[in-house]
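upload.csv follows; it contains CSV, C-alpha atoms and all ligand atoms.
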chain,number,residue,atom,x,y,z
A,1,MET,CA,-21.9,-61.0,-24.1
A,2,SER,CA,-18.2,-61.9,-24.7
A,3,LYS,CA,-16.8,-65.3,-23.6
A,4,LYS,CA,-14.7,-63.4,-21.1
A,5,THR,CA,-17.6,-61.5,-19.6
A,6,LEU,CA,-19.7,-64.6,-19.4
A,7,SER,CA,-16.9,-66.5,-17.6
A,8,LEU,CA,-16.3,-63.7,-15.2
A,9,GLN,CA,-20.0,-63.5,-14.3
A,10,ILE,CA,-20.2,-67.3,-13.8
A,11,LYS,CA,-17.2,-67.1,-11.4
A,12,ALA,CA,-18.7,-64.2,-9.5
A,13,GLU,CA,-22.0,-66.0,-9.1
A,14,ALA,CA,-20.2,-69.1,-7.9
A,15,LEU,CA,-18.4,-67.1,-5.2
A,16,ARG,CA,-21.6,-65.4,-4.2
A,17,LEU,CA,-23.2,-68.8,-3.8
A,18,GLY,CA,-20.5,-69.7,-1.3
A,19,PHE,CA,-18.1,-71.7,-3.4
A,20,SER,CA,-14.5,-71.0,-2.5
A,21,ALA,CA,-13.1,-71.2,-6.0
A,22,CYS,CA,-14.3,-71.6,-9.5
A,23,GLY,CA,-12.4,-72.2,-12.8
A,24,ILE,CA,-13.3,-73.2,-16.3
A,25,ALA,CA,-11.6,-75.9,-18.5
A,26,ARG,CA,-12.1,-76.7,-22.1
A,27,VAL,CA,-13.6,-80.2,-22.3
A,28,ASP,CA,-11.4,-82.7,-24.1
A,29,PHE,CA,-10.1,-86.3,-23.9
A,30,VAL,CA,-8.0,-86.7,-20.7
A,31,GLY,CA,-4.9,-87.9,-22.6
A,32,GLU,CA,-2.1,-89.1,-20.4
A,33,SER,CA,-4.4,-89.6,-17.4
A,34,LYS,CA,-6.1,-92.4,-19.3
A,35,VAL,CA,-2.8,-94.4,-19.2
A,36,HIS,CA,-2.4,-93.8,-15.5
A,37,LEU,CA,-6.0,-94.7,-14.7
A,38,GLY,CA,-5.7,-97.8,-16.9
A,39,GLN,CA,-2.5,-98.9,-15.0
A,40,TRP,CA,-4.0,-98.2,-11.6
A,41,LEU,CA,-7.0,-100.3,-12.4
A,42,ALA,CA,-5.0,-103.1,-14.0
A,43,GLU,CA,-2.9,-103.4,-10.9
A,44,GLU,CA,-6.1,-103.5,-8.8
A,45,LYS,CA,-5.1,-100.5,-6.7
A,46,HIS,CA,-8.8,-99.5,-6.6
A,47,ALA,CA,-9.4,-102.5,-4.3
A,48,GLY,CA,-13.2,-103.3,-4.0
A,49,MET,CA,-14.3,-100.0,-5.7
A,50,ASP,CA,-15.6,-101.8,-8.8
A,51,TYR,CA,-17.4,-98.6,-9.9
A,52,MET,CA,-14.0,-97.1,-10.7
A,53,SER,CA,-13.5,-99.6,-13.5
A,54,SER,CA,-16.9,-99.1,-15.1
A,55,HIS,CA,-17.6,-96.5,-17.7
A,56,PHE,CA,-13.9,-96.2,-18.4
A,57,ASP,CA,-14.5,-94.5,-21.8
A,58,LYS,CA,-16.8,-91.9,-20.2
A,59,ARG,CA,-14.3,-91.3,-17.4
A,60,CYS,CA,-11.7,-90.5,-20.0
A,61,ASP,CA,-13.8,-88.3,-22.2
A,62,PRO,CA,-16.6,-86.1,-20.6
A,63,ARG,CA,-18.1,-85.5,-24.1
A,64,LEU,CA,-19.6,-89.0,-23.8
A,65,LEU,CA,-21.5,-87.9,-20.7
A,66,VAL,CA,-23.1,-84.7,-22.2
A,67,GLU,CA,-23.3,-84.6,-25.9
A,68,GLY,CA,-21.9,-81.5,-27.4
A,69,CYS,CA,-20.4,-80.2,-24.2
A,70,LYS,CA,-17.5,-77.8,-24.6
A,71,SER,CA,-16.8,-76.4,-21.2
A,72,MET,CA,-16.4,-77.7,-17.6
A,73,VAL,CA,-17.1,-75.2,-14.8
A,74,CYS,CA,-15.3,-76.6,-11.8
A,75,VAL,CA,-16.0,-75.4,-8.2
A,76,ALA,CA,-14.7,-76.1,-4.8
A,77,LEU,CA,-16.6,-75.9,-1.5
A,78,ASN,CA,-14.7,-75.7,1.8
A,79,TYR,CA,-15.5,-78.2,4.5
A,80,TYR,CA,-12.8,-77.5,7.0
A,81,PRO,CA,-14.6,-77.6,10.4
A,82,SER,CA,-14.5,-75.0,13.1
A,83,HIS,CA,-15.7,-77.5,15.7
A,84,LYS,CA,-13.7,-80.7,15.8
A,85,LEU,CA,-13.7,-83.9,17.8
A,86,ARG,CA,-11.0,-83.9,20.6
A,87,LYS,CA,-7.9,-85.8,19.8
A,88,ASP,CA,-8.7,-88.4,22.5
A,89,GLN,CA,-12.0,-89.2,20.9
A,90,LEU,CA,-12.4,-91.7,18.0
A,91,GLN,CA,-11.9,-89.7,14.8
A,92,PHE,CA,-14.0,-89.2,11.7
A,93,ALA,CA,-12.7,-87.7,8.4
A,94,TYR,CA,-13.7,-84.0,8.4
A,95,TYR,CA,-15.8,-84.4,5.2
A,96,ALA,CA,-18.1,-86.7,7.1
A,97,TYR,CA,-18.9,-84.3,10.0
A,98,GLY,CA,-22.0,-82.8,8.6
A,99,GLN,CA,-24.8,-83.5,6.1
A,100,ASP,CA,-24.2,-85.5,2.9
A,101,TYR,CA,-22.1,-83.3,0.7
A,102,HIS,CA,-23.5,-84.7,-2.5
A,103,GLU,CA,-26.9,-83.0,-1.9
A,104,VAL,CA,-25.4,-79.7,-0.6
A,105,VAL,CA,-23.0,-79.3,-3.5
A,106,LYS,CA,-25.5,-80.3,-6.1
A,107,THR,CA,-28.1,-77.9,-4.8
A,108,LYS,CA,-25.6,-75.0,-5.0
A,109,LEU,CA,-24.4,-76.1,-8.5
A,110,THR,CA,-28.0,-76.3,-9.7
A,111,GLU,CA,-28.5,-72.7,-8.6
A,112,LEU,CA,-25.4,-71.7,-10.5
A,113,PHE,CA,-26.7,-73.6,-13.6
A,114,ASN,CA,-30.1,-71.9,-13.4
A,115,TYR,CA,-28.4,-68.5,-13.0
A,116,ILE,CA,-26.4,-69.2,-16.2
A,117,ASN,CA,-29.5,-70.2,-18.1
A,118,GLU,CA,-31.8,-67.4,-16.8
A,119,LYS,CA,-29.4,-64.5,-16.6
A,120,LEU,CA,-26.6,-65.2,-19.1
A,121,LEU,CA,-27.4,-67.5,-22.0
A,122,SER,CA,-29.4,-70.5,-22.9
A,123,VAL,CA,-27.3,-73.7,-22.4
A,124,HIS,CA,-27.7,-77.4,-22.1
A,125,GLY,CA,-25.7,-79.3,-19.5
A,126,ARG,CA,-25.6,-81.3,-16.3
A,127,VAL,CA,-24.3,-80.8,-12.8
A,128,PHE,CA,-22.1,-83.4,-10.9
A,129,CYS,CA,-20.6,-83.9,-7.5
A,130,ASP,CA,-19.0,-87.3,-7.2
A,131,THR,CA,-22.1,-88.6,-9.0
A,132,ALA,CA,-20.7,-89.6,-12.4
A,133,PRO,CA,-17.5,-91.1,-13.9
A,134,ILE,CA,-15.6,-87.8,-14.0
A,135,LEU,CA,-11.9,-87.4,-13.0
A,136,GLU,CA,-12.8,-84.5,-10.7
A,137,ARG,CA,-9.3,-83.7,-9.4
A,138,TYR,CA,-7.9,-83.8,-12.9
A,139,TRP,CA,-10.5,-81.4,-14.2
A,140,ALA,CA,-10.1,-79.1,-11.2
A,141,GLN,CA,-6.4,-78.9,-12.0
A,142,GLN,CA,-7.2,-78.2,-15.7
A,143,ALA,CA,-9.6,-75.4,-14.6
A,144,GLY,CA,-6.8,-73.8,-12.6
A,145,LEU,CA,-8.3,-74.4,-9.2
A,146,GLY,CA,-5.2,-76.1,-7.8
A,147,TRP,CA,-2.9,-79.0,-8.4
A,148,ILE,CA,-3.1,-82.7,-7.5
A,149,GLY,CA,-0.6,-83.2,-4.7
A,150,LYS,CA,1.6,-86.2,-4.0
A,151,ASN,CA,-1.2,-87.3,-1.6
A,152,THR,CA,-3.5,-87.4,-4.6
A,153,GLN,CA,-5.7,-84.7,-3.2
A,154,LEU,CA,-6.6,-81.4,-5.0
A,155,ILE,CA,-4.6,-78.7,-3.3
A,156,ILE,CA,-5.7,-75.0,-3.6
A,157,PRO,CA,-2.9,-72.5,-3.1
A,158,LYS,CA,-3.2,-70.5,0.2
A,159,ALA,CA,-6.3,-72.6,1.1
A,160,GLY,CA,-5.4,-76.3,1.3
A,161,SER,CA,-7.2,-79.5,0.4
A,162,TYR,CA,-10.4,-79.7,2.6
A,163,PHE,CA,-12.7,-79.0,-0.3
A,164,PHE,CA,-15.6,-80.8,-2.0
A,165,LEU,CA,-15.4,-80.6,-5.8
A,166,GLY,CA,-18.3,-80.2,-8.2
A,167,GLU,CA,-18.7,-79.6,-12.0
A,168,ILE,CA,-21.1,-78.3,-14.6
A,169,LEU,CA,-20.7,-79.6,-18.1
A,170,LEU,CA,-22.0,-77.0,-20.6
A,171,ASP,CA,-22.5,-76.9,-24.4
A,172,ALA,CA,-21.2,-73.3,-24.6
A,173,GLU,CA,-17.8,-72.0,-25.3
A,174,LEU,CA,-16.3,-69.9,-22.5
A,175,GLU,CA,-12.9,-68.4,-21.6
A,176,TYR,CA,-10.6,-71.1,-20.2
A,177,ASP,CA,-8.2,-71.1,-17.3
A,178,SER,CA,-4.7,-72.6,-17.5
A,179,PRO,CA,-3.9,-75.8,-15.6
A,180,MET,CA,-2.0,-75.3,-12.4
A,181,LYS,CA,1.5,-76.7,-11.9
A,182,SER,CA,2.3,-78.8,-8.8
A,183,LYS,CA,3.7,-76.8,-5.9
A,184,CYS,CA,4.6,-79.9,-3.8
A,185,GLY,CA,8.3,-79.3,-4.6
A,186,THR,CA,10.6,-81.6,-2.6
A,187,CYS,CA,8.1,-82.1,0.2
A,188,GLN,CA,6.9,-85.7,0.8
A,189,LYS,CA,5.4,-85.4,4.3
A,190,CYS,CA,2.2,-87.2,3.2
A,191,LEU,CA,4.2,-90.2,2.0
A,192,ASP,CA,6.2,-90.3,5.3
A,193,THR,CA,3.0,-89.8,7.5
A,194,CYS,CA,0.7,-92.4,5.9
A,195,PRO,CA,0.3,-95.1,8.6
A,196,THR,CA,-0.1,-97.9,6.2
A,197,LYS,CA,2.2,-96.7,3.4
A,198,ALA,CA,-0.8,-96.6,1.1
A,199,LEU,CA,0.9,-93.8,-0.8
A,200,GLU,CA,3.3,-96.2,-2.5
A,201,ARG,CA,5.0,-93.4,-4.4
A,202,PRO,CA,4.1,-89.7,-5.1
A,203,TYR,CA,0.7,-89.5,-6.7
A,204,LEU,CA,0.0,-93.2,-6.4
A,205,LEU,CA,-2.5,-94.4,-3.9
A,206,ASN,CA,-3.1,-98.1,-3.2
A,207,ALA,CA,-6.6,-98.2,-1.9
A,208,ASN,CA,-6.1,-101.8,-0.6
A,209,ARG,CA,-3.9,-100.3,2.1
A,210,CYS,CA,-5.7,-97.0,2.7
A,211,ILE,CA,-7.6,-96.5,6.0
A,212,SER,CA,-10.2,-94.4,4.2
A,213,TYR,CA,-11.0,-97.3,1.9
A,214,LEU,CA,-10.8,-99.9,4.7
A,215,THR,CA,-13.2,-98.1,7.0
A,216,ILE,CA,-15.6,-96.7,4.4
A,217,GLU,CA,-16.0,-98.4,1.1
A,218,ASN,CA,-14.7,-101.8,2.2
A,219,LYS,CA,-17.5,-104.3,2.7
A,220,GLU,CA,-15.4,-107.1,4.1
A,221,GLU,CA,-13.6,-107.5,7.4
A,222,ILE,CA,-10.5,-105.2,7.8
A,223,PRO,CA,-7.5,-107.4,7.0
A,224,GLU,CA,-5.6,-108.5,10.1
A,225,GLU,CA,-2.3,-106.8,9.0
A,226,TYR,CA,-4.0,-103.3,9.1
A,227,ILE,CA,-6.0,-103.7,12.3
A,228,SER,CA,-3.1,-102.4,14.4
A,229,LYS,CA,-2.8,-99.3,12.1
A,230,ILE,CA,-6.4,-98.3,12.5
A,231,GLU,CA,-5.8,-96.8,16.0
A,232,ASN,CA,-8.4,-94.0,16.5
A,233,HIS,CA,-9.5,-93.8,12.9
A,234,LEU,CA,-13.2,-94.7,13.3
A,235,TYR,CA,-14.4,-93.5,9.9
A,236,GLY,CA,-12.0,-92.4,7.2
A,237,CYS,CA,-8.5,-90.9,7.6
A,238,ASP,CA,-7.2,-87.4,7.0
A,239,ASP,CA,-3.6,-88.0,8.0
A,240,CYS,CA,-2.1,-87.3,4.6
A,241,GLN,CA,-4.1,-84.0,4.6
A,242,HIS,CA,-3.5,-82.9,8.2
A,243,CYS,CA,0.3,-83.1,7.7
A,244,CYS,CA,0.3,-81.2,4.4
A,245,PRO,CA,1.9,-77.8,4.9
A,246,TRP,CA,-0.7,-76.2,2.5
A,247,ASN,CA,-3.5,-77.0,5.0
A,248,ARG,CA,-2.1,-74.5,7.5
A,249,PHE,CA,-4.0,-72.0,5.3
A,250,ALA,CA,-7.3,-73.8,5.9
A,251,THR,CA,-10.1,-71.6,7.4
A,252,PRO,CA,-13.4,-72.9,8.8
A,253,HIS,CA,-16.3,-73.3,6.3
A,254,LEU,CA,-19.5,-71.2,6.6
A,255,VAL,CA,-21.9,-73.9,5.5
A,256,PRO,CA,-24.6,-74.6,8.2
A,257,ASP,CA,-25.3,-78.1,6.7
A,258,PHE,CA,-21.7,-79.2,7.4
A,259,GLN,CA,-21.8,-78.3,11.1
A,260,PRO,CA,-21.5,-81.4,13.2
A,261,SER,CA,-24.2,-82.0,15.8
A,262,GLU,CA,-23.6,-81.6,19.5
A,263,ALA,CA,-24.5,-85.3,19.9
A,264,PHE,CA,-21.8,-86.3,17.4
A,265,LEU,CA,-19.1,-84.1,19.0
A,266,SER,CA,-19.9,-85.5,22.5
A,267,MET,CA,-19.5,-89.2,21.5
A,268,GLU,CA,-16.9,-90.9,23.8
A,269,LYS,CA,-15.2,-94.2,23.1
A,270,ALA,CA,-17.7,-96.1,25.4
A,271,ASP,CA,-20.6,-94.5,23.5
A,272,TRP,CA,-19.4,-95.9,20.2
A,273,LEU,CA,-18.9,-99.4,21.8
A,274,ASN,CA,-22.5,-99.4,23.0
A,275,LEU,CA,-24.0,-97.7,19.9
A,276,THR,CA,-27.5,-99.1,19.0
A,277,VAL,CA,-29.0,-99.1,15.5
A,278,ASP,CA,-31.5,-96.4,16.6
A,279,GLN,CA,-28.7,-94.2,17.9
A,280,TYR,CA,-26.8,-94.7,14.7
A,281,ARG,CA,-29.8,-93.7,12.6
A,282,ALA,CA,-30.4,-90.6,14.7
A,283,LEU,CA,-26.7,-89.5,14.7
A,284,PHE,CA,-26.2,-90.0,10.9
A,285,LYS,CA,-29.6,-89.0,9.5
A,286,GLY,CA,-28.8,-87.3,6.2
A,287,SER,CA,-25.1,-88.0,6.5
A,288,ALA,CA,-22.7,-89.7,4.1
A,289,VAL,CA,-21.7,-92.0,7.0
A,290,LYS,CA,-24.7,-94.0,6.1
A,291,ARG,CA,-22.5,-95.4,3.3
A,292,SER,CA,-20.7,-97.7,5.6
A,293,LYS,CA,-24.0,-98.9,7.3
A,294,TYR,CA,-24.3,-99.7,11.0
A,295,GLU,CA,-22.5,-103.0,10.7
A,296,GLY,CA,-19.6,-101.4,9.0
A,297,LEU,CA,-19.3,-98.7,11.7
A,298,ILE,CA,-19.4,-101.4,14.4
A,299,ARG,CA,-16.7,-103.3,12.6
A,300,ASN,CA,-14.6,-100.2,12.7
A,301,VAL,CA,-15.3,-99.5,16.4
A,302,LYS,CA,-13.9,-103.0,17.1
A,303,ALA,CA,-10.8,-102.3,15.0
A,304,THR,CA,-10.1,-99.2,17.1
A,305,GLN,CA,-10.0,-101.2,20.4
B,401,LIG,S1,-6.1,-91.4,3.9
B,401,LIG,FE1,-4.7,-92.2,5.5
B,401,LIG,S2,-4.2,-94.3,5.0
B,401,LIG,FE2,-5.1,-93.3,3.1
B,401,LIG,S3,-3.3,-92.5,2.0
B,401,LIG,FE3,-4.0,-90.9,3.3
B,401,LIG,S4,-2.8,-91.1,5.2
B,401,LIG,FE4,-2.6,-93.0,4.1
B,402,LIG,S1,2.3,-83.1,2.2
B,402,LIG,FE1,3.8,-82.2,0.8
B,402,LIG,S2,4.1,-83.7,-0.9
B,402,LIG,FE2,2.2,-84.2,0.2
B,402,LIG,S3,0.6,-83.2,-0.9
B,402,LIG,FE3,1.2,-81.8,0.7
B,402,LIG,S4,2.8,-80.4,-0.2
B,402,LIG,FE4,2.5,-82.2,-1.6
As a first step, turn the structure in this file into structure tokens.
Ligand code: SF4
Ligand code: SF4
Amino acid sequence: MSKKTLSLQIKAEALRLGFSACGIARVDFVGESKVHLGQWLAEEKHAGMDYMSSHFDKRCDPRLLVEGCKSMVCVALNYYPSHKLRKDQLQFAYYAYGQDYHEVVKTKLTELFNYINEKLLSVHGRVFCDTAPILERYWAQQAGLGWIGKNTQLIIPKAGSYFFLGEILLDAELEYDSPMKSKCGTCQKCLDTCPTKALERPYLLNANRCISYLTIENKEEIPEEYISKIENHLYGCDDCQHCCPWNRFATPHLVPDFQPSEAFLSMEKADWLNLTVDQYRALFKGSAVKRSKYEGLIRNVKATQ
């Protein structure tokens, strides 16, 4: 089978499995992005996310993750919800509405990997979804899925940015897609909209100021200077995505695991204030929200008052 036929079959199967987009990049050193990542880390823009500074060499060269790998198959899975919290309720980032995406994406990627091995050719490789030091957005851009916007999100043309990303590293040569150029143009709505000015300049996020970081990854108290900016952001923040013109193309996902529960959608402000540990466990069983732990969520509830 030719590289072209193999690649087309992999992409067709990815779409059949429910992925919204699939592209393929030649695996190589990340070049210029190493300099940007190094600067970002040196200036401590990653805040308390120490894992971002570990495995620096692997992050800059996927060949150190899977020996002999040649190709990166990149996929995107839509998570734009059809049922949303009302605007007067406390808000969660859309990605956290349903079940933990790591498992959902990895399960589908493993199916794709097995399909390649069983139906196309014998390969060695690994699947990833935010589970290894990989510059996921960079590689998605290299694989032609979309471009990294000024808000630092991966934007897919005519589809937007509400997508989980995943990758398969393979030791086979395939046909490669071309990197996509930015289509942000002169727009800078995301920079203007960000409540804390965490987007310090196009393509540069200072996590120390970002509400997503402050309400999810942050293990400390939320600094006083940002409390007044939290407003109704209970868990995460999508403001720099909601305002992006490309997200007017977003369409609801079809993944049952990402559907929010009725109990979650009916939570009012008073319910969050009185949330018990048992209620928390029941509401977020199997959810990525567990990352912030009960105490972290209660800290956020207080910050929204
Ligand atoms: S997630 Fe929110 S706080 Fe963070 S950069 Fe985007 S708009 Fe700003
Ligand atoms: S809001 Fe505008 S500048 Fe920001 S990512 Fe979207 S298109 Fe690009």
Self-check item: Pick from A:Ile155, A:Ile24, A:Ala12, A:Leu41 nearest to Leu204 of chain A, counting all atoms listed in the file
Solution: A:Leu41
Within 12 Å of Met52 of chain A, counting all atoms listed in the file, which residues show up once you throw out same-chain ones fewer than 2 positions away? Write them as a PDB file with C-alpha atoms, in the coordinates of the input, please.
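Resulting contents of selection-v4.pdb:
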ATOM      1  CA  LEU A  37      -6.000 -94.700 -14.700  1.00  0.00           C
ATOM      2  CA  GLY A  38      -5.700 -97.800 -16.900  1.00  0.00           C
ATOM      3  CA  TRP A  40      -4.000 -98.200 -11.600  1.00  0.00           C
ATOM      4  CA  LEU A  41      -7.000-100.300 -12.400  1.00  0.00           C
ATOM      5  CA  ALA A  42      -5.000-103.100 -14.000  1.00  0.00           C
ATOM      6  CA  GLU A  44      -6.100-103.500  -8.800  1.00  0.00           C
ATOM      7  CA  LYS A  45      -5.100-100.500  -6.700  1.00  0.00           C
ATOM      8  CA  HIS A  46      -8.800 -99.500  -6.600  1.00  0.00           C
ATOM      9  CA  ALA A  47      -9.400-102.500  -4.300  1.00  0.00           C
ATOM     10  CA  GLY A  48     -13.200-103.300  -4.000  1.00  0.00           C
ATOM     11  CA  MET A  49     -14.300-100.000  -5.700  1.00  0.00           C
ATOM     12  CA  ASP A  50     -15.600-101.800  -8.800  1.00  0.00           C
ATOM     13  CA  SER A  54     -16.900 -99.100 -15.100  1.00  0.00           C
ATOM     14  CA  HIS A  55     -17.600 -96.500 -17.700  1.00  0.00           C
ATOM     15  CA  PHE A  56     -13.900 -96.200 -18.400  1.00  0.00           C
ATOM     16  CA  ASP A  57     -14.500 -94.500 -21.800  1.00  0.00           C
ATOM     17  CA  LYS A  58     -16.800 -91.900 -20.200  1.00  0.00           C
ATOM     18  CA  ARG A  59     -14.300 -91.300 -17.400  1.00  0.00           C
ATOM     19  CA  CYS A  60     -11.700 -90.500 -20.000  1.00  0.00           C
ATOM     20  CA  ASP A 130     -19.000 -87.300  -7.200  1.00  0.00           C
ATOM     21  CA  THR A 131     -22.100 -88.600  -9.000  1.00  0.00           C
ATOM     22  CA  ALA A 132     -20.700 -89.600 -12.400  1.00  0.00           C
ATOM     23  CA  PRO A 133     -17.500 -91.100 -13.900  1.00  0.00           C
ATOM     24  CA  ILE A 134     -15.600 -87.800 -14.000  1.00  0.00           C
ATOM     25  CA  LEU A 135     -11.900 -87.400 -13.000  1.00  0.00           C
ATOM     26  CA  ALA A 207      -6.600 -98.200  -1.900  1.00  0.00           C
TER      27      ALA A 207
END
Quiz prompt | Residue nearest ligand LIG 401 (chain B) - candidates A:Gln142, A:Gln259, A:Asn232, A:Ser20, atoms counted: all atoms listed in the file | solution =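 Once distances to ligand LIG 401 (chain B) are computed over all atoms listed in the file, the minimum belongs to A:Asn232.
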As a PDB file with C-alpha atoms, keeping the file's coordinate frame, please: every protein or nucleic acid residue near ligand LIG 402 (chain B) (cut-off 6 Å, counting only C-alpha atoms and all ligand atoms).
ATOM      1  CA  GLY A 149      -0.600 -83.200  -4.700  1.00  0.00           C
ATOM      2  CA  LYS A 150       1.600 -86.200  -4.000  1.00  0.00           C
ATOM      3  CA  ASN A 151      -1.200 -87.300  -1.600  1.00  0.00           C
ATOM      4  CA  CYS A 184       4.600 -79.900  -3.800  1.00  0.00           C
ATOM      5  CA  CYS A 187       8.100 -82.100   0.200  1.00  0.00           C
ATOM      6  CA  GLN A 188       6.900 -85.700   0.800  1.00  0.00           C
ATOM      7  CA  LYS A 189       5.400 -85.400   4.300  1.00  0.00           C
ATOM      8  CA  CYS A 190       2.200 -87.200   3.200  1.00  0.00           C
ATOM      9  CA  CYS A 243       0.300 -83.100   7.700  1.00  0.00           C
ATOM     10  CA  CYS A 244       0.300 -81.200   4.400  1.00  0.00           C
ATOM     11  CA  PRO A 245       1.900 -77.800   4.900  1.00  0.00           C
TER      12      PRO A 245
END
Residue contacts of segment 278-291 of chain A (12 Å, only C-alpha atoms) excluding same-chain residues fewer than 6 positions away, as an mmCIF file with C-alpha atoms, in the coordinates of the input:
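Produced file out13.cif, reproduced below:
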data_model
loop_
_atom_site.group_PDB
_atom_site.id
_atom_site.type_symbol
_atom_site.label_atom_id
_atom_site.label_comp_id
_atom_site.auth_asym_id
_atom_site.auth_seq_id
_atom_site.Cartn_x
_atom_site.Cartn_y
_atom_site.Cartn_z
ATOM 1 C CA PHE A 92 -14.000 -89.200 11.700
ATOM 2 C CA ALA A 93 -12.700 -87.700 8.400
ATOM 3 C CA TYR A 94 -13.700 -84.000 8.400
ATOM 4 C CA TYR A 95 -15.800 -84.400 5.200
ATOM 5 C CA ALA A 96 -18.100 -86.700 7.100
ATOM 6 C CA TYR A 97 -18.900 -84.300 10.000
ATOM 7 C CA GLY A 98 -22.000 -82.800 8.600
ATOM 8 C CA GLN A 99 -24.800 -83.500 6.100
ATOM 9 C CA ASP A 100 -24.200 -85.500 2.900
ATOM 10 C CA TYR A 101 -22.100 -83.300 0.700
ATOM 11 C CA HIS A 102 -23.500 -84.700 -2.500
ATOM 12 C CA GLU A 103 -26.900 -83.000 -1.900
ATOM 13 C CA VAL A 104 -25.400 -79.700 -0.600
ATOM 14 C CA TYR A 213 -11.000 -97.300 1.900
ATOM 15 C CA THR A 215 -13.200 -98.100 7.000
ATOM 16 C CA ILE A 216 -15.600 -96.700 4.400
ATOM 17 C CA GLU A 217 -16.000 -98.400 1.100
ATOM 18 C CA ASN A 218 -14.700 -101.800 2.200
ATOM 19 C CA LYS A 219 -17.500 -104.300 2.700
ATOM 20 C CA LEU A 234 -13.200 -94.700 13.300
ATOM 21 C CA TYR A 235 -14.400 -93.500 9.900
ATOM 22 C CA GLY A 236 -12.000 -92.400 7.200
ATOM 23 C CA ASP A 257 -25.300 -78.100 6.700
ATOM 24 C CA PHE A 258 -21.700 -79.200 7.400
ATOM 25 C CA GLN A 259 -21.800 -78.300 11.100
ATOM 26 C CA PRO A 260 -21.500 -81.400 13.200
ATOM 27 C CA SER A 261 -24.200 -82.000 15.800
ATOM 28 C CA GLU A 262 -23.600 -81.600 19.500
ATOM 29 C CA ALA A 263 -24.500 -85.300 19.900
ATOM 30 C CA PHE A 264 -21.800 -86.300 17.400
ATOM 31 C CA LEU A 265 -19.100 -84.100 19.000
ATOM 32 C CA SER A 266 -19.900 -85.500 22.500
ATOM 33 C CA MET A 267 -19.500 -89.200 21.500
ATOM 34 C CA ASP A 271 -20.600 -94.500 23.500
ATOM 35 C CA TRP A 272 -19.400 -95.900 20.200
ATOM 36 C CA LEU A 297 -19.300 -98.700 11.700
ATOM 37 C CA ILE A 298 -19.400 -101.400 14.400
#
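Counting only C-alpha atoms and all ligand atoms and comparing A:Glu268, A:Asp239, A:Asp88, A:Glu111, the residue that lies closest to ligand LIG 401 (chain B) is A:Asp239.
If you measure from each of A:Thr107, A:Ser71, A:Thr5, A:Asn274 to Ala172 of chain A using only C-alpha atoms, the closest one turns out to be A:Ser71.
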